[in-house]
$ cat final03.cif   # mmCIF, C-alpha atoms
data_coords
#
loop_
_atom_site.label_atom_id
_atom_site.label_comp_id
_atom_site.auth_asym_id
_atom_site.auth_seq_id
_atom_site.Cartn_x
_atom_site.Cartn_y
_atom_site.Cartn_z
CA MET B 24 22.41 1.90 -4.70
CA GLU B 25 22.10 5.60 -3.92
CA LYS B 26 21.97 6.79 -0.32
CA ILE B 27 19.36 9.52 0.15
CA ASN B 28 19.90 10.01 3.89
CA ASP B 29 20.57 7.89 6.97
CA TYR B 30 17.15 6.25 6.65
CA LEU B 31 16.43 5.95 2.92
CA CYS B 32 18.17 4.73 -0.22
CA ARG B 33 17.24 4.48 -3.89
CA TYR B 34 17.70 1.19 -5.72
CA LYS B 35 16.61 0.56 -9.31
CA GLY B 36 14.67 3.81 -9.26
CA TYR B 37 12.67 2.96 -6.14
CA VAL B 38 13.09 4.39 -2.63
CA PHE B 39 13.49 1.84 0.14
CA ALA B 40 13.90 2.17 3.88
CA SER B 41 17.60 1.36 4.27
CA HIS B 42 17.11 -1.01 7.18
CA GLN B 43 14.71 -3.14 5.14
CA LEU B 44 16.43 -3.31 1.77
CA ASN B 45 17.88 -6.71 0.84
CA VAL B 46 19.49 -6.14 -2.56
CA ASP B 47 20.02 -9.83 -3.28
CA HIS B 48 16.37 -10.56 -2.58
CA ILE B 49 15.12 -7.69 -4.76
CA ASP B 50 17.36 -8.92 -7.58
CA SER B 51 16.05 -12.46 -7.13
CA LEU B 52 12.48 -11.32 -7.89
CA SER B 53 13.45 -11.20 -11.58
CA SER B 54 13.41 -15.00 -11.57
CA PHE B 55 10.59 -15.45 -9.07
CA GLU B 56 8.28 -18.25 -10.26
CA ILE B 57 4.63 -17.24 -10.49
CA ARG B 58 1.75 -19.66 -10.05
CA ASP B 59 -1.59 -19.04 -11.73
CA SER B 60 -3.21 -19.05 -8.29
CA ASP B 61 -0.88 -16.39 -6.80
CA VAL B 62 -2.55 -13.21 -5.56
CA PHE B 63 -0.75 -9.93 -4.93
CA LEU B 64 -2.18 -7.01 -2.98
CA VAL B 65 -0.34 -3.93 -4.23
CA THR B 66 -0.57 -0.51 -2.60
CA TYR B 67 1.43 2.62 -2.08
CA PRO B 68 2.51 2.81 1.60
CA LYS B 69 -0.21 3.80 4.08
CA SER B 70 -3.02 3.06 1.65
CA GLY B 71 -4.75 0.36 3.70
CA SER B 72 -2.84 -2.82 2.85
CA THR B 73 -3.36 -4.28 6.33
CA ASP B 74 -7.13 -4.07 6.26
CA GLU B 75 -8.26 -5.05 2.79
CA ALA B 76 -11.28 -7.28 2.61
CA GLU B 77 -10.90 -10.90 1.53
CA PHE B 78 -7.18 -11.01 2.32
CA SER B 79 -5.41 -12.58 5.24
CA ASN B 80 -4.47 -9.79 7.58
CA ASN B 81 -1.13 -10.86 8.98
CA VAL B 82 2.38 -11.34 7.71
CA GLU B 83 2.38 -15.09 8.29
CA LYS B 84 -0.43 -15.63 5.79
CA MET B 85 0.30 -12.70 3.49
CA PRO B 86 4.00 -11.82 3.72
CA TRP B 87 5.62 -8.83 2.07
CA LEU B 88 7.09 -9.83 -1.27
CA GLU B 89 10.00 -7.39 -0.99
CA TYR B 90 10.81 -7.95 2.69
CA PRO B 91 11.59 -11.65 3.22
CA THR B 92 12.77 -11.51 6.83
CA GLY B 93 11.29 -14.55 8.53
CA HIS B 94 9.58 -15.66 5.30
CA LEU B 95 12.41 -16.83 3.08
CA ASP B 96 10.76 -20.05 1.98
CA TYR B 97 8.17 -18.57 -0.38
CA PHE B 98 8.52 -21.46 -2.81
CA SER B 99 7.21 -24.14 -0.48
CA ARG B 100 4.11 -22.18 0.48
CA PRO B 101 0.92 -24.00 -0.52
CA SER B 102 -1.35 -22.54 -3.17
CA PRO B 103 -2.98 -20.14 -3.31
CA ARG B 104 -0.16 -17.91 -2.14
CA PHE B 105 -0.94 -14.35 -1.04
CA PHE B 106 1.62 -11.55 -1.05
CA ALA B 107 1.51 -7.88 -0.17
CA SER B 108 3.76 -5.40 -1.96
CA HIS B 109 4.47 -1.70 -2.35
CA LEU B 110 6.67 -2.26 -5.41
CA THR B 111 6.23 -0.82 -8.88
CA PRO B 112 5.97 -3.02 -12.02
CA ALA B 113 9.68 -2.65 -12.83
CA LEU B 114 10.60 -4.52 -9.64
CA MET B 115 7.80 -7.08 -9.60
CA PRO B 116 8.42 -10.61 -10.90
CA PRO B 117 8.36 -10.38 -14.72
CA ARG B 118 6.40 -13.63 -14.94
CA LEU B 119 3.38 -11.79 -13.50
CA LYS B 120 2.93 -10.29 -16.93
CA GLY B 121 0.81 -12.11 -19.43
CA LYS B 122 -2.11 -12.45 -17.03
CA LYS B 123 -0.43 -15.04 -14.83
CA GLY B 124 -1.40 -14.58 -11.21
CA LYS B 125 -3.73 -11.81 -10.03
CA ILE B 126 -3.13 -8.34 -8.64
CA VAL B 127 -5.48 -6.23 -6.57
CA TYR B 128 -4.28 -2.62 -6.56
CA VAL B 129 -5.79 -0.42 -3.86
CA ALA B 130 -5.32 3.35 -4.10
CA ARG B 131 -6.11 5.89 -1.38
CA ASN B 132 -6.55 9.62 -1.77
CA PRO B 133 -3.06 11.10 -1.52
CA LYS B 134 -3.88 13.75 1.08
CA ASP B 135 -4.95 11.14 3.63
CA VAL B 136 -1.95 9.03 2.63
CA ALA B 137 0.36 11.96 3.36
CA VAL B 138 -1.10 12.54 6.82
CA SER B 139 -1.12 8.83 7.67
CA TYR B 140 2.48 8.47 6.47
CA PHE B 141 3.53 11.51 8.53
CA HIS B 142 2.16 9.97 11.73
CA PHE B 143 3.61 6.57 10.81
CA SER B 144 7.03 8.16 10.44
CA HIS B 145 6.77 9.24 14.06
CA ALA B 146 5.62 5.81 15.23
CA LEU B 147 8.23 3.69 13.42
CA THR B 148 11.56 4.43 15.03
CA LYS B 149 13.63 3.25 12.06
CA LEU B 150 12.18 5.97 9.84
CA GLU B 151 13.30 9.58 9.99
CA THR B 152 11.07 11.58 12.32
CA PRO B 153 9.87 14.68 10.41
CA LYS B 154 10.41 17.99 12.16
CA SER B 155 7.06 19.23 10.85
CA PHE B 156 4.25 18.24 8.51
CA GLU B 157 5.43 20.91 6.05
CA GLU B 158 8.86 19.27 5.88
CA PHE B 159 7.36 15.83 5.39
CA LEU B 160 4.87 17.06 2.77
CA GLN B 161 7.69 18.44 0.64
CA GLN B 162 9.58 15.15 0.88
CA TYR B 163 6.39 13.24 0.03
CA LEU B 164 5.65 15.39 -3.02
CA ALA B 165 9.25 15.00 -4.19
CA GLY B 166 9.07 11.22 -3.82
CA ASP B 167 11.84 11.22 -1.21
CA VAL B 168 10.00 8.79 1.07
CA GLY B 169 9.82 5.02 1.20
CA GLY B 170 7.78 3.89 -1.80
CA SER B 171 8.89 6.90 -3.88
CA SER B 172 6.23 9.19 -5.39
CA TRP B 173 2.53 8.44 -4.85
CA PHE B 174 1.84 10.05 -8.23
CA ASP B 175 4.43 7.93 -10.03
CA HIS B 176 3.28 4.76 -8.29
CA ILE B 177 -0.36 4.99 -9.34
CA ARG B 178 0.54 6.20 -12.82
CA VAL B 179 2.97 3.39 -13.63
CA TRP B 180 0.57 0.71 -12.44
CA HIS B 181 -2.27 2.19 -14.48
CA THR B 182 0.00 2.60 -17.53
CA HIS B 183 0.93 -1.10 -17.42
CA LYS B 184 -2.52 -2.40 -16.46
CA ASP B 185 -3.07 -4.25 -19.74
CA GLU B 186 0.00 -6.40 -19.08
CA TYR B 187 -1.47 -7.84 -15.89
CA ASN B 188 -4.58 -9.49 -14.54
CA ILE B 189 -5.37 -6.58 -12.26
CA LEU B 190 -8.30 -5.14 -10.34
CA PHE B 191 -8.20 -1.49 -9.26
CA LEU B 192 -10.06 -0.42 -6.12
CA THR B 193 -9.99 2.66 -3.92
CA TYR B 194 -9.71 2.66 -0.16
CA GLU B 195 -12.53 5.21 0.06
CA ASP B 196 -14.98 3.04 -1.86
CA MET B 197 -14.15 0.18 0.51
CA ILE B 198 -14.80 2.37 3.53
CA MET B 199 -18.13 3.52 2.11
CA ASP B 200 -19.37 0.14 0.86
CA LEU B 201 -17.21 -2.68 2.13
CA ARG B 202 -19.68 -5.37 1.12
CA SER B 203 -19.60 -4.36 -2.55
CA ALA B 204 -15.81 -4.35 -2.43
CA VAL B 205 -15.75 -7.86 -0.96
CA GLU B 206 -18.07 -9.06 -3.70
CA LYS B 207 -15.87 -7.47 -6.40
CA ILE B 208 -12.72 -9.05 -5.02
CA SER B 209 -14.41 -12.42 -4.64
CA ARG B 210 -15.55 -12.40 -8.25
CA PHE B 211 -12.11 -11.29 -9.42
CA LEU B 212 -10.45 -14.13 -7.50
CA GLY B 213 -12.99 -16.64 -8.80
CA ARG B 214 -14.39 -17.42 -5.38
CA ASP B 215 -18.02 -18.39 -5.08
CA LEU B 216 -18.91 -17.00 -1.66
CA ASP B 217 -22.46 -17.23 -0.37
CA GLU B 218 -24.11 -14.37 1.49
CA ALA B 219 -23.13 -15.72 4.90
CA ALA B 220 -19.48 -16.04 3.91
CA ILE B 221 -19.44 -12.53 2.50
CA SER B 222 -20.95 -11.22 5.73
CA ARG B 223 -18.22 -12.93 7.75
CA VAL B 224 -15.49 -11.37 5.59
CA VAL B 225 -17.10 -7.94 5.85
CA GLU B 226 -17.32 -8.17 9.63
CA LYS B 227 -13.71 -9.29 9.97
CA ALA B 228 -12.42 -6.61 7.59
CA THR B 229 -13.94 -3.56 9.25
CA PHE B 230 -11.31 -1.08 10.40
CA LYS B 231 -12.52 -1.36 13.99
CA ASN B 232 -11.97 -5.13 14.08
CA MET B 233 -8.67 -4.94 12.23
CA LYS B 234 -7.37 -2.30 14.64
CA ASN B 235 -8.10 -4.66 17.52
CA ASP B 236 -6.25 -7.52 15.81
CA PRO B 237 -2.72 -7.67 17.28
CA LYS B 238 -1.28 -9.20 14.10
CA ALA B 239 -2.91 -6.71 11.75
CA ASN B 240 -1.77 -3.90 14.04
CA TYR B 241 1.81 -5.25 14.12
CA GLU B 242 1.81 -5.51 17.90
CA PHE B 243 4.42 -8.24 17.65
CA LEU B 244 7.02 -5.58 16.79
CA PRO B 245 9.20 -4.62 19.77
CA ALA B 246 8.53 -1.31 21.49
CA GLU B 247 11.88 0.05 20.35
CA THR B 248 10.72 -0.41 16.73
CA LEU B 249 7.08 0.71 16.86
CA GLN B 250 5.99 3.37 19.31
CA GLY B 251 2.25 3.79 19.10
CA LYS B 252 -0.39 2.16 16.91
CA PHE B 253 0.38 0.89 13.42
CA MET B 254 -3.26 1.47 12.48
CA ARG B 255 -4.38 4.94 13.54
CA LYS B 256 -7.77 6.18 12.27
CA GLY B 257 -8.60 4.66 8.89
CA THR B 258 -10.98 7.50 8.10
CA VAL B 259 -11.60 9.50 4.94
CA GLY B 260 -10.90 13.22 5.11
CA ASP B 261 -8.58 13.29 8.13
CA TRP B 262 -6.19 15.38 6.02
CA LYS B 263 -8.34 18.43 6.78
CA ASN B 264 -7.17 18.29 10.39
CA THR B 265 -3.53 18.70 9.32
CA PHE B 266 -3.27 20.55 5.99
CA THR B 267 -3.17 24.32 6.11
CA GLU B 268 -5.15 26.24 3.50
CA ALA B 269 -1.92 27.09 1.67
CA GLN B 270 -0.75 23.47 1.71
CA ASN B 271 -4.10 22.31 0.40
CA GLU B 272 -4.10 24.83 -2.44
CA MET B 273 -0.54 23.87 -3.39
CA PHE B 274 -1.41 20.17 -3.28
CA ASP B 275 -4.50 20.67 -5.43
CA ARG B 276 -2.46 22.43 -8.10
CA ILE B 277 0.09 19.61 -8.18
CA TYR B 278 -2.63 16.95 -8.17
CA GLN B 279 -4.49 18.52 -11.07
CA GLU B 280 -1.32 18.75 -13.12
CA LYS B 281 -0.07 15.23 -12.43
CA MET B 282 -3.42 13.40 -12.55
CA LYS B 283 -5.24 15.26 -15.34
CA ASP B 284 -4.91 12.41 -17.84
CA LEU B 285 -5.70 9.55 -15.45
CA PRO B 286 -9.25 8.28 -14.81
CA PHE B 287 -9.09 8.04 -11.01
CA LYS B 288 -11.72 9.97 -9.06
CA PHE B 289 -11.02 10.07 -5.34
CA ILE B 290 -13.36 10.83 -2.49
CA TRP B 291 -11.72 13.47 -0.29
CA ASP B 292 -14.20 13.55 2.57
CA ILE B 293 -17.31 11.63 3.57
CA ASN B 294 -18.36 13.69 6.61
#
$ encode --input "final03.cif" --output "structure tokens"
Amino acid sequence: MEKINDYLCRYKGYVFASHQLNVDHIDSLSSFEIRDSDVFLVTYPKSGSTDEAEFSNNVEKMPWLEYPTGHLDYFSRPSPRFFASHLTPALMPPRLKGKKGKIVYVARNPKDVAVSYFHFSHALTKLETPKSFEEFLQQYLAGDVGGSSWFDHIRVWHTHKDEYNILFLTYEDMIMDLRSAVEKISRFLGRDLDEAAISRVVEKATFKNMKNDPKANYEFLPAETLQGKFMRKGTVGDWKNTFTEAQNEMFDRIYQEKMKDLPFKFIWDIN
């Protein structure tokens, strides 16, 4: 395990928040038994994992795979089991390969992720508080944040997509047409939802309703851990209120270089 600073460490090539890393648990995932009915929601941090349609929106029903605190007894959970994760394929249970279990991977445009992550770093007291957005942006681009590099994360999951039963979605498409996203996820999970059921899921999964849900908004965390709202805006294009012109031009150059051979097309603004 490599210490990056007082808040972060690198283990098996992945950057964890030091206060959350349980090495024994991460190692145990190599023998984690997978059921055919298991469903994993995988995202890079701050990509919308608390408000994805069709998934339970609290840690009791959809615990974090890599952070077992309070949820150690994964094996006795009834099927279907739902898990959230920010991990890369190298750290996920190997038995997920070969199309066993299902993965929904949700990606969000990396400029909005950067801004959301910056504000989150101020709200969560156990993360380093950036002195400025410029400082945080450089750390983010270097992959020296929890979750490592956004670019590496999306690339490695896409590279290994044929090894898994996986559905790729974007956060922006869900914001623009949540109903279609719910229908896609339902079909992928093999659920036969009628129109009324789909409408109920759509209503529950809107950002406005999720933000007012104390469990989805992590209001159970003590004030000394979370200062402010876990869920902030949930919009598309908020990056424009933070990025300078120079930062945006620099980011675009890096994005074009790193993403030129990947098929993802992100929506950067809907206003």
$ residues_around --input "final03.cif" --residues "Trp87 (chain B)" --least-positions-apart "2" --cutoff "7 Å" --atoms "only C-alpha atoms" --output "number ranges by chain"
B: 82, 85, 89-91, 106-108
$ closest_residue --input "final03.cif" --among "B:Thr111, B:Ser144, B:Asn264, B:Ser51" --to "Ser172 (chain B)" --atoms "all atoms listed in the file"
B:Thr111
$ residues_around --input "final03.cif" --residues "Val38 (chain B)" --least-positions-apart "3" --cutoff "9 Å" --atoms "all atoms listed in the file" --output "PyMOL selection string"
chain B and resi 27+31-35+41+166-172
$ resolve_selection --input "final03.cif" --expression "the PyMOL selection byres ((chain B and resi 69) around 8)" --output "VMD selection string"
chain B and resid 66 to 68 70 to 72 136 139 to 140
$ atom_distance --input "final03.cif" --atom1 "CA of Thr265 (chain B)" --atom2 "CA of Trp291 (chain B)"
13.7 Å
